[in-house]
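> My structure is in data.cif, and what it holds is mmCIF, N, CA and C atoms:
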```cif
data_structure
#
loop_
_atom_site.label_atom_id
_atom_site.label_comp_id
_atom_site.auth_asym_id
_atom_site.auth_seq_id
_atom_site.Cartn_x
_atom_site.Cartn_y
_atom_site.Cartn_z
N MET A 1 29.47 -27.76 43.35
CA MET A 1 30.27 -27.28 42.26
C MET A 1 30.04 -28.14 41.02
N ALA A 2 29.93 -29.43 41.21
CA ALA A 2 29.72 -30.34 40.10
C ALA A 2 28.37 -30.07 39.43
N ALA A 3 27.39 -29.67 40.21
CA ALA A 3 26.07 -29.37 39.66
C ALA A 3 26.12 -28.14 38.74
N ILE A 4 26.90 -27.15 39.15
CA ILE A 4 27.00 -25.93 38.34
C ILE A 4 27.72 -26.22 37.03
N VAL A 5 28.80 -26.99 37.11
CA VAL A 5 29.55 -27.35 35.91
C VAL A 5 28.67 -28.20 35.00
N GLY A 6 27.90 -29.13 35.55
CA GLY A 6 27.01 -29.98 34.76
C GLY A 6 25.93 -29.17 34.07
N ALA A 7 25.38 -28.16 34.78
CA ALA A 7 24.35 -27.31 34.19
C ALA A 7 24.93 -26.47 33.06
N ALA A 8 26.16 -25.95 33.26
CA ALA A 8 26.80 -25.14 32.24
C ALA A 8 27.08 -25.97 31.00
N LEU A 9 27.54 -27.22 31.18
CA LEU A 9 27.82 -28.09 30.04
C LEU A 9 26.51 -28.43 29.31
N GLY A 10 25.43 -28.62 30.06
CA GLY A 10 24.13 -28.91 29.46
C GLY A 10 23.62 -27.75 28.62
N LEU A 11 23.76 -26.52 29.15
CA LEU A 11 23.32 -25.34 28.40
C LEU A 11 24.17 -25.13 27.15
N GLN A 12 25.47 -25.41 27.28
CA GLN A 12 26.36 -25.26 26.12
C GLN A 12 26.00 -26.29 25.05
N ALA A 13 25.67 -27.50 25.46
CA ALA A 13 25.30 -28.54 24.51
C ALA A 13 23.96 -28.21 23.82
N ALA A 14 23.09 -27.51 24.54
CA ALA A 14 21.78 -27.14 23.98
C ALA A 14 21.88 -25.94 23.05
N GLY A 15 23.03 -25.28 22.99
CA GLY A 15 23.21 -24.16 22.09
C GLY A 15 22.98 -22.82 22.74
N TYR A 16 22.90 -22.74 24.05
CA TYR A 16 22.70 -21.48 24.74
C TYR A 16 24.00 -20.71 24.78
N ASP A 17 23.95 -19.46 24.35
CA ASP A 17 25.12 -18.59 24.40
C ASP A 17 24.66 -17.26 24.97
N PRO A 18 25.11 -16.91 26.18
CA PRO A 18 24.65 -15.67 26.80
C PRO A 18 25.13 -14.42 26.06
N ASN A 19 26.15 -14.52 25.24
CA ASN A 19 26.67 -13.36 24.54
C ASN A 19 26.04 -13.15 23.16
N ARG A 20 25.23 -14.11 22.71
CA ARG A 20 24.60 -13.99 21.41
C ARG A 20 23.50 -12.94 21.48
N PRO A 21 23.42 -12.02 20.50
CA PRO A 21 22.37 -10.98 20.55
C PRO A 21 20.99 -11.60 20.34
N ARG A 22 20.02 -11.05 21.01
CA ARG A 22 18.65 -11.55 20.89
C ARG A 22 18.00 -10.93 19.65
N PRO A 23 17.08 -11.66 19.02
CA PRO A 23 16.41 -11.09 17.84
C PRO A 23 15.51 -9.92 18.29
N PRO A 24 15.33 -8.94 17.42
CA PRO A 24 14.49 -7.80 17.79
C PRO A 24 13.03 -8.24 17.94
N ALA A 25 12.33 -7.52 18.79
CA ALA A 25 10.91 -7.81 18.99
C ALA A 25 10.14 -7.46 17.72
N PRO A 26 9.10 -8.23 17.38
CA PRO A 26 8.32 -7.92 16.17
C PRO A 26 7.64 -6.56 16.31
N ARG A 27 7.57 -5.85 15.18
CA ARG A 27 6.95 -4.53 15.19
C ARG A 27 5.44 -4.67 15.35
N ALA A 28 4.86 -3.76 16.08
CA ALA A 28 3.41 -3.74 16.24
C ALA A 28 2.78 -3.24 14.95
N ALA A 29 1.62 -3.77 14.62
CA ALA A 29 0.92 -3.35 13.40
C ALA A 29 0.44 -1.91 13.56
N ASP A 30 0.65 -1.12 12.54
CA ASP A 30 0.22 0.26 12.53
C ASP A 30 -1.23 0.31 12.07
N PRO A 31 -2.16 0.75 12.93
CA PRO A 31 -3.57 0.74 12.52
C PRO A 31 -3.89 1.73 11.40
N LEU A 32 -3.02 2.70 11.16
CA LEU A 32 -3.28 3.68 10.11
C LEU A 32 -2.62 3.30 8.79
N ALA A 33 -1.81 2.25 8.79
CA ALA A 33 -1.14 1.83 7.56
C ALA A 33 -2.15 1.22 6.60
N PRO A 34 -2.02 1.49 5.30
CA PRO A 34 -2.95 0.89 4.34
C PRO A 34 -2.75 -0.62 4.26
N VAL A 35 -3.82 -1.32 4.01
CA VAL A 35 -3.79 -2.77 3.91
C VAL A 35 -4.04 -3.14 2.46
N ARG A 36 -3.21 -4.00 1.91
CA ARG A 36 -3.42 -4.44 0.53
C ARG A 36 -4.63 -5.35 0.48
N GLY A 37 -5.28 -5.36 -0.66
CA GLY A 37 -6.49 -6.16 -0.82
C GLY A 37 -6.26 -7.64 -0.65
N THR A 38 -5.08 -8.13 -0.99
CA THR A 38 -4.83 -9.57 -0.85
C THR A 38 -4.67 -9.97 0.60
N GLU A 39 -4.38 -9.01 1.48
CA GLU A 39 -4.21 -9.32 2.90
C GLU A 39 -5.52 -9.27 3.65
N THR A 40 -6.55 -8.70 3.04
CA THR A 40 -7.83 -8.56 3.71
C THR A 40 -8.72 -9.75 3.36
N PRO A 41 -9.07 -10.58 4.33
CA PRO A 41 -9.93 -11.72 4.01
C PRO A 41 -11.37 -11.27 3.78
N ALA A 42 -12.11 -12.06 3.02
CA ALA A 42 -13.52 -11.77 2.81
C ALA A 42 -14.26 -11.94 4.12
N VAL A 43 -15.26 -11.09 4.35
CA VAL A 43 -15.97 -11.11 5.61
C VAL A 43 -16.91 -12.31 5.70
N PHE A 44 -17.70 -12.52 4.69
CA PHE A 44 -18.69 -13.58 4.73
C PHE A 44 -18.22 -14.74 3.88
N ARG A 45 -17.92 -15.85 4.51
CA ARG A 45 -17.45 -17.03 3.80
C ARG A 45 -18.56 -18.08 3.80
N ALA A 46 -18.57 -18.90 2.76
CA ALA A 46 -19.62 -19.92 2.66
C ALA A 46 -19.10 -21.13 1.91
N ASP A 47 -19.57 -22.28 2.30
CA ASP A 47 -19.35 -23.47 1.49
C ASP A 47 -20.29 -23.32 0.29
N ILE A 48 -20.12 -24.17 -0.69
CA ILE A 48 -20.92 -24.01 -1.90
C ILE A 48 -22.30 -24.66 -1.76
N ASP A 49 -22.61 -25.26 -0.61
CA ASP A 49 -23.96 -25.83 -0.47
C ASP A 49 -24.99 -24.71 -0.32
N GLU A 50 -26.22 -25.05 -0.61
CA GLU A 50 -27.28 -24.06 -0.70
C GLU A 50 -27.57 -23.36 0.63
N GLU A 51 -27.57 -24.10 1.71
CA GLU A 51 -27.88 -23.51 3.02
C GLU A 51 -26.82 -22.48 3.44
N ALA A 52 -25.56 -22.84 3.30
CA ALA A 52 -24.49 -21.92 3.68
C ALA A 52 -24.45 -20.71 2.75
N ALA A 53 -24.69 -20.91 1.47
CA ALA A 53 -24.70 -19.80 0.53
C ALA A 53 -25.84 -18.84 0.85
N THR A 54 -26.99 -19.39 1.18
CA THR A 54 -28.14 -18.56 1.53
C THR A 54 -27.85 -17.76 2.79
N ARG A 55 -27.27 -18.38 3.78
CA ARG A 55 -26.94 -17.70 5.03
C ARG A 55 -25.91 -16.58 4.80
N ALA A 56 -24.88 -16.87 4.01
CA ALA A 56 -23.85 -15.86 3.71
C ALA A 56 -24.44 -14.70 2.92
N CYS A 57 -25.32 -15.00 1.97
CA CYS A 57 -25.95 -13.93 1.19
C CYS A 57 -26.88 -13.09 2.05
N LYS A 58 -27.58 -13.71 2.97
CA LYS A 58 -28.45 -12.98 3.88
C LYS A 58 -27.64 -11.96 4.66
N LEU A 59 -26.53 -12.39 5.24
CA LEU A 59 -25.70 -11.49 6.03
C LEU A 59 -25.09 -10.39 5.17
N ALA A 60 -24.59 -10.75 4.00
CA ALA A 60 -23.95 -9.76 3.13
C ALA A 60 -24.96 -8.75 2.59
N THR A 61 -26.16 -9.20 2.24
CA THR A 61 -27.18 -8.30 1.70
C THR A 61 -27.67 -7.34 2.77
N GLU A 62 -27.94 -7.85 3.97
CA GLU A 62 -28.37 -6.97 5.05
C GLU A 62 -27.28 -5.96 5.39
N ASP A 63 -26.03 -6.41 5.41
CA ASP A 63 -24.91 -5.51 5.70
C ASP A 63 -24.82 -4.41 4.65
N GLU A 64 -24.96 -4.78 3.39
CA GLU A 64 -24.90 -3.79 2.30
C GLU A 64 -26.06 -2.81 2.39
N ALA A 65 -27.27 -3.29 2.66
CA ALA A 65 -28.45 -2.42 2.73
C ALA A 65 -28.38 -1.49 3.94
N GLN A 66 -27.81 -1.96 5.04
CA GLN A 66 -27.77 -1.16 6.27
C GLN A 66 -26.78 -0.01 6.20
N ARG A 67 -26.03 0.08 5.12
CA ARG A 67 -25.16 1.26 4.94
C ARG A 67 -26.00 2.52 4.76
N GLN A 68 -27.13 2.40 4.05
CA GLN A 68 -27.99 3.55 3.81
C GLN A 68 -29.30 3.48 4.60
N TYR A 69 -29.75 2.27 4.89
CA TYR A 69 -31.01 2.07 5.60
C TYR A 69 -30.71 1.27 6.87
N PRO A 70 -30.55 1.93 8.02
CA PRO A 70 -30.09 1.25 9.23
C PRO A 70 -30.97 0.10 9.71
N HIS A 71 -32.25 0.10 9.35
CA HIS A 71 -33.15 -0.95 9.83
C HIS A 71 -33.61 -1.88 8.72
N ALA A 72 -32.77 -2.10 7.73
CA ALA A 72 -33.11 -2.99 6.62
C ALA A 72 -33.15 -4.44 7.12
N LEU A 73 -34.12 -5.19 6.63
CA LEU A 73 -34.26 -6.60 6.99
C LEU A 73 -34.53 -7.44 5.75
N LEU A 74 -33.95 -8.61 5.71
CA LEU A 74 -34.20 -9.52 4.60
C LEU A 74 -35.62 -10.04 4.74
N GLU A 75 -36.40 -9.90 3.70
CA GLU A 75 -37.79 -10.33 3.73
C GLU A 75 -37.92 -11.80 3.37
N ALA A 76 -37.35 -12.21 2.22
CA ALA A 76 -37.48 -13.60 1.79
C ALA A 76 -36.37 -13.95 0.81
N VAL A 77 -35.97 -15.21 0.86
CA VAL A 77 -35.06 -15.76 -0.14
C VAL A 77 -35.91 -16.61 -1.05
N GLU A 78 -35.92 -16.28 -2.34
CA GLU A 78 -36.82 -16.95 -3.27
C GLU A 78 -36.16 -18.11 -4.01
N ALA A 79 -34.86 -18.02 -4.28
CA ALA A 79 -34.21 -19.09 -5.04
C ALA A 79 -32.71 -19.06 -4.81
N ALA A 80 -32.12 -20.23 -4.92
CA ALA A 80 -30.66 -20.38 -4.93
C ALA A 80 -30.34 -21.30 -6.10
N GLU A 81 -29.87 -20.70 -7.20
CA GLU A 81 -29.67 -21.44 -8.44
C GLU A 81 -28.18 -21.65 -8.70
N PRO A 82 -27.77 -22.89 -9.02
CA PRO A 82 -26.36 -23.12 -9.36
C PRO A 82 -26.04 -22.61 -10.76
N LEU A 83 -24.94 -21.89 -10.88
CA LEU A 83 -24.44 -21.40 -12.16
C LEU A 83 -22.95 -21.73 -12.22
N LYS A 84 -22.59 -22.73 -13.01
CA LYS A 84 -21.21 -23.21 -13.10
C LYS A 84 -20.68 -23.52 -11.70
N ASP A 85 -19.69 -22.75 -11.21
CA ASP A 85 -19.11 -23.03 -9.91
C ASP A 85 -19.59 -22.06 -8.83
N VAL A 86 -20.69 -21.33 -9.08
CA VAL A 86 -21.24 -20.39 -8.09
C VAL A 86 -22.72 -20.66 -7.89
N LEU A 87 -23.27 -20.08 -6.83
CA LEU A 87 -24.71 -20.10 -6.59
C LEU A 87 -25.21 -18.67 -6.69
N LEU A 88 -26.33 -18.49 -7.37
CA LEU A 88 -26.99 -17.20 -7.46
C LEU A 88 -28.21 -17.24 -6.56
N VAL A 89 -28.20 -16.40 -5.53
CA VAL A 89 -29.30 -16.35 -4.56
C VAL A 89 -30.11 -15.10 -4.86
N ARG A 90 -31.44 -15.27 -4.96
CA ARG A 90 -32.35 -14.16 -5.25
C ARG A 90 -33.38 -14.07 -4.14
N GLY A 91 -33.83 -12.84 -3.89
CA GLY A 91 -34.85 -12.65 -2.87
C GLY A 91 -35.30 -11.21 -2.80
N THR A 92 -35.93 -10.86 -1.67
CA THR A 92 -36.40 -9.50 -1.45
C THR A 92 -35.92 -9.02 -0.09
N ILE A 93 -35.70 -7.71 -0.02
CA ILE A 93 -35.26 -7.09 1.23
C ILE A 93 -36.12 -5.86 1.47
N ARG A 94 -36.45 -5.62 2.73
CA ARG A 94 -37.25 -4.45 3.11
C ARG A 94 -36.29 -3.38 3.60
N LEU A 95 -36.28 -2.24 2.91
CA LEU A 95 -35.39 -1.13 3.25
C LEU A 95 -36.16 -0.13 4.12
N ARG A 96 -35.68 0.08 5.34
CA ARG A 96 -36.33 0.99 6.28
C ARG A 96 -35.29 1.92 6.89
N ALA A 97 -35.54 3.22 6.85
CA ALA A 97 -34.63 4.18 7.46
C ALA A 97 -34.86 4.26 8.97
N LYS A 98 -36.14 4.10 9.39
CA LYS A 98 -36.49 4.11 10.81
C LYS A 98 -37.20 2.82 11.14
N LYS A 99 -37.13 2.43 12.39
CA LYS A 99 -37.73 1.17 12.80
C LYS A 99 -39.24 1.16 12.59
N ALA A 100 -39.89 2.29 12.78
CA ALA A 100 -41.35 2.36 12.63
C ALA A 100 -41.79 2.47 11.17
N ASP A 101 -40.87 2.75 10.27
CA ASP A 101 -41.20 2.87 8.84
C ASP A 101 -41.67 1.54 8.28
N PRO A 102 -42.68 1.57 7.38
CA PRO A 102 -43.04 0.32 6.69
C PRO A 102 -41.96 -0.07 5.69
N GLY A 103 -41.23 0.92 5.18
CA GLY A 103 -40.14 0.64 4.25
C GLY A 103 -40.64 0.28 2.87
N GLU A 104 -39.70 0.00 2.01
CA GLU A 104 -40.04 -0.42 0.65
C GLU A 104 -39.37 -1.75 0.36
N LEU A 105 -40.05 -2.55 -0.42
CA LEU A 105 -39.57 -3.88 -0.75
C LEU A 105 -38.80 -3.83 -2.07
N ARG A 106 -37.58 -4.35 -2.07
CA ARG A 106 -36.78 -4.39 -3.30
C ARG A 106 -36.20 -5.78 -3.49
N ALA A 107 -35.96 -6.11 -4.74
CA ALA A 107 -35.35 -7.41 -5.07
C ALA A 107 -33.83 -7.29 -4.91
N PHE A 108 -33.19 -8.42 -4.60
CA PHE A 108 -31.74 -8.45 -4.55
C PHE A 108 -31.22 -9.71 -5.21
N ARG A 109 -29.97 -9.65 -5.64
CA ARG A 109 -29.26 -10.80 -6.19
C ARG A 109 -27.91 -10.89 -5.50
N CYS A 110 -27.47 -12.11 -5.26
CA CYS A 110 -26.21 -12.32 -4.57
C CYS A 110 -25.52 -13.52 -5.18
N ARG A 111 -24.22 -13.39 -5.46
CA ARG A 111 -23.46 -14.49 -6.06
C ARG A 111 -22.42 -14.98 -5.06
N VAL A 112 -22.38 -16.31 -4.83
CA VAL A 112 -21.48 -16.92 -3.86
C VAL A 112 -20.72 -18.06 -4.52
N ASP A 113 -19.41 -18.12 -4.25
CA ASP A 113 -18.65 -19.29 -4.68
C ASP A 113 -18.17 -20.02 -3.43
N ALA A 114 -17.28 -20.98 -3.59
CA ALA A 114 -16.83 -21.78 -2.46
C ALA A 114 -16.01 -20.97 -1.46
N GLN A 115 -15.53 -19.81 -1.85
CA GLN A 115 -14.68 -19.02 -0.97
C GLN A 115 -15.43 -17.90 -0.26
N ALA A 116 -16.28 -17.18 -0.98
CA ALA A 116 -16.90 -16.00 -0.36
C ALA A 116 -18.05 -15.48 -1.20
N VAL A 117 -18.76 -14.50 -0.63
CA VAL A 117 -19.78 -13.77 -1.37
C VAL A 117 -19.04 -12.84 -2.33
N ARG A 118 -19.33 -12.95 -3.61
CA ARG A 118 -18.60 -12.17 -4.61
C ARG A 118 -19.36 -10.94 -5.09
N MET A 119 -20.70 -10.94 -4.98
CA MET A 119 -21.47 -9.82 -5.50
C MET A 119 -22.80 -9.74 -4.78
N VAL A 120 -23.20 -8.53 -4.40
CA VAL A 120 -24.53 -8.26 -3.87
C VAL A 120 -25.09 -7.09 -4.66
N ALA A 121 -26.27 -7.27 -5.23
CA ALA A 121 -26.92 -6.20 -5.99
C ALA A 121 -28.34 -6.04 -5.49
N ILE A 122 -28.67 -4.84 -5.03
CA ILE A 122 -30.03 -4.52 -4.62
C ILE A 122 -30.63 -3.68 -5.74
N ASP A 123 -31.71 -4.18 -6.33
CA ASP A 123 -32.32 -3.54 -7.48
C ASP A 123 -32.95 -2.20 -7.10
N PRO A 124 -32.95 -1.24 -8.03
CA PRO A 124 -33.62 0.05 -7.75
C PRO A 124 -35.12 -0.17 -7.71
N PRO A 125 -35.86 0.81 -7.17
CA PRO A 125 -37.32 0.65 -7.13
C PRO A 125 -37.88 0.58 -8.55
N GLU A 126 -38.88 -0.26 -8.69
CA GLU A 126 -39.47 -0.45 -10.01
C GLU A 126 -40.40 0.71 -10.33
N THR A 127 -40.15 1.33 -11.44
CA THR A 127 -41.03 2.43 -11.87
C THR A 127 -41.59 2.07 -13.24
N ARG A 128 -42.85 2.37 -13.42
CA ARG A 128 -43.52 2.11 -14.70
C ARG A 128 -43.85 3.42 -15.36
N ALA A 129 -43.62 3.47 -16.63
CA ALA A 129 -43.92 4.70 -17.37
C ALA A 129 -45.43 4.87 -17.48
N PRO A 130 -45.91 6.10 -17.34
CA PRO A 130 -47.36 6.32 -17.49
C PRO A 130 -47.79 6.07 -18.92
N ARG A 131 -49.03 5.59 -19.09
CA ARG A 131 -49.55 5.29 -20.42
C ARG A 131 -50.27 6.45 -21.01
#
```
Is it possible to give me this structure as structure tokens?

Amino acid sequence: MAAIVGAALGLQAAGYDPNRPRPPAPRAADPLAPVRGTETPAVFRADIDEEAATRACKLATEDEAQRQYPHALLEAVEAAEPLKDVLLVRGTIRLRAKKADPGELRAFRCRVDAQAVRMVAIDPPETRAPR
């Protein structure tokens, strides 16, 4: 009997109250609900050093190109130039619709800051006017 009374006094001292209502369970996230832009983190993050910026730009550029060309591959990174607080990465990417295609080579530019890849631009094919 003394053990039960001691346990009850201990629970009471700890703040346990069996009659207190429990907090409601957290609501599950609705997958169809819109997400605000500030809640969505950037996919490709990079430190501002050249190696990490190049790696992040490679992933972001290939991801952007593969929206229209499923077998696009980064051909070469030619430069990573510092501009104020960002790095500008330039290179070429091979755009291929099918794996057996030779594809076409296009230039790309990518801007990275300390937080994320901020811009990827794949240049249109170069055309020269006839003389």
> Run the PyMOL selection byres ((chain A and resi 79) around 6) on the file and write out the hits as a PyMOL selection string.
chain A and resi 77-78+80-81+88-91
> Would you mind reading off the distance between atom C of Ala60 of chain A and atom C of Met119 of chain A, one decimal, in Å?
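Distance reported for this atom pair: 7.7 Å.
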> Could you tell me which residues the PyMOL selection byres ((chain A and resi 95-112) around 5) returns for this structure, as a count of residues only?
23
> If you measure from atom CA of Gln115 of chain A to atom C of Ala65 of chain A, what distance in Å do you get, rounded to one decimal?
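Between atom CA of Gln115 of chain A and atom C of Ala65 of chain A the gap is 22.8 Å.
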> Could you go through segment 52-104 of chain A and tell me which residues DSSP, when run on the backbone, assigns to helix (DSSP H, G or I), listing them as a list in words?
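Everything in segment 52-104 of chain A that counts as helix (DSSP H, G or I) is Ala52, Ala53, Thr54, Arg55, Ala56, Cys57, Lys58, Leu59, Ala60, Thr61, Glu62, Asp63, Glu64 and Ala65 of chain A.
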> In Å, how far is it from atom CA of Gly6 of chain A to atom CA of Asn19 of chain A?
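Interatomic distance, atom CA of Gly6 of chain A to atom CA of Asn19 of chain A: 19.5 Å.
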